[in-house]
Amino acid sequence: MTEAEILKCMSDTGALLTGHFLLRSGLHSDHYFQAALLLQYAELASQLCTEMAKPWANEKIDVVLSPAIGGIVVGQEVGKALKTRAIFAEKDDQSNLVLRRGFSLKPGERVLIAEDVVTKGGRVQQTIDLARSFGAIPVGVTVMVDRSQGGAKFDVPFKSLLKLSLQTFDPADCPLCREGKPLVHPGSK
């Protein structure tokens, strides 16, 4: 798929929002990619995640691991495309990622981290660290949208379906706050 086709999918599904948003990273933005609005269309989700999986087809991935909640559908679809299992990590009471529901990783398993959106990369890094804590081998990171503008860096290969250069603001310097625009936290909380 071309970048224009992917952007059209976002637009057609209402997944690219305009307003004043609080991102999980703590930054503010005038745009927000609400992946769930796109991923609710199962055929489209499958098509986009199959594209995300293609660069990893020859990497002998044993398991796709995603941080909940945003990465669950992405991970499932990438795992399906790679014909491997897909599991997800959840936050504990201290916001650390853990495996629950009987999920586990074995030492030496080759793990692909899959996520919907990356801004700073903190949750993805926690997922990489979690995989390593089991002795598994993180092979890479695949995301639907990289909005980090080059800021998200990992010590494994990192690929995105689309790079969005959306402006972000430190809360102390946010022009939207100065204008008095209501701040919305549209994520999973």
# chains A, B, ... in the order shown; residues from 1 in each chain; ligands from 1
>>> residues_around(residues="Leu164 (chain A)", least_positions_apart="4", cutoff="12 Å", atoms="only C-alpha atoms", output="number ranges by chain")
A: 3-4, 6-7, 10, 16, 31-33, 117-119, 143-150, 160, 168
>>> select_by_dssp(residues="region 84-171 of chain A", states="strand (DSSP E)", output="PyMOL selection string")
chain A and resi 85-91+97-98+110-118+137-146+158-163+168-169
>>> closest_residue(among="A:Thr127, A:Gln167, A:Gln94, A:Ser11", to="Leu112 (chain A)", atoms="only C-alpha atoms")
A:Thr127
>>> closest_residue(among="A:Glu179, A:Glu90, A:Glu77, A:Glu5", to="Ala53 (chain A)", atoms="only C-alpha atoms")
A:Glu77
>>> closest_residue(among="A:Pro67, A:Gly19, A:Pro182, A:Gly122", to="Val98 (chain A)", atoms="only C-alpha atoms")
A:Pro67
>>> atom_distance(atom1="CA of Leu27 (chain A)", atom2="CA of Phe169 (chain A)")
5.6 Å
>>> decode(residues="region 35-70 of chain A", atoms="C-alpha atoms", output="PDB file, in the first residue's frame")
ATOM      1  CA  ALA A  35      -6.091   3.420  15.700  1.00  0.00           C
ATOM      2  CA  ALA A  36      -9.155   1.717  17.163  1.00  0.00           C
ATOM      3  CA  LEU A  37     -11.394   3.636  14.756  1.00  0.00           C
ATOM      4  CA  LEU A  38      -9.462   2.149  11.847  1.00  0.00           C
ATOM      5  CA  LEU A  39      -8.947  -1.296  13.393  1.00  0.00           C
ATOM      6  CA  GLN A  40     -12.693  -1.765  13.978  1.00  0.00           C
ATOM      7  CA  TYR A  41     -12.902  -2.627  10.283  1.00  0.00           C
ATOM      8  CA  ALA A  42     -11.564  -6.170  10.405  1.00  0.00           C
ATOM      9  CA  GLU A  43     -10.783  -6.541   6.703  1.00  0.00           C
ATOM     10  CA  LEU A  44      -8.913  -3.229   6.656  1.00  0.00           C
ATOM     11  CA  ALA A  45      -7.052  -4.141   9.862  1.00  0.00           C
ATOM     12  CA  SER A  46      -6.014  -7.431   8.287  1.00  0.00           C
ATOM     13  CA  GLN A  47      -4.844  -5.727   5.112  1.00  0.00           C
ATOM     14  CA  LEU A  48      -2.752  -3.078   6.900  1.00  0.00           C
ATOM     15  CA  CYS A  49      -1.239  -5.495   9.421  1.00  0.00           C
ATOM     16  CA  THR A  50      -0.346  -7.920   6.637  1.00  0.00           C
ATOM     17  CA  GLU A  51       1.648  -5.050   5.113  1.00  0.00           C
ATOM     18  CA  MET A  52       3.309  -4.505   8.511  1.00  0.00           C
ATOM     19  CA  ALA A  53       4.285  -8.184   8.669  1.00  0.00           C
ATOM     20  CA  LYS A  54       5.900  -8.389   5.228  1.00  0.00           C
ATOM     21  CA  PRO A  55       9.349  -7.048   6.186  1.00  0.00           C
ATOM     22  CA  TRP A  56       9.568  -9.681   8.926  1.00  0.00           C
ATOM     23  CA  ALA A  57       8.512 -12.725   6.866  1.00  0.00           C
ATOM     24  CA  ASN A  58      12.024 -14.218   6.723  1.00  0.00           C
ATOM     25  CA  GLU A  59      13.007 -13.507  10.348  1.00  0.00           C
ATOM     26  CA  LYS A  60      11.703 -16.792  11.838  1.00  0.00           C
ATOM     27  CA  ILE A  61       9.439 -15.059  14.350  1.00  0.00           C
ATOM     28  CA  ASP A  62       8.177 -17.406  17.089  1.00  0.00           C
ATOM     29  CA  VAL A  63       5.760 -14.989  18.740  1.00  0.00           C
ATOM     30  CA  VAL A  64       4.348 -11.500  18.281  1.00  0.00           C
ATOM     31  CA  LEU A  65       4.150  -9.584  21.566  1.00  0.00           C
ATOM     32  CA  SER A  66       2.079  -6.413  21.915  1.00  0.00           C
ATOM     33  CA  PRO A  67       1.396  -3.991  24.737  1.00  0.00           C
ATOM     34  CA  ALA A  68      -2.285  -3.804  25.666  1.00  0.00           C
ATOM     35  CA  ILE A  69      -4.595  -2.314  24.769  1.00  0.00           C
ATOM     36  CA  GLY A  70      -3.752  -0.512  21.551  1.00  0.00           C
TER      37      GLY A  70
END
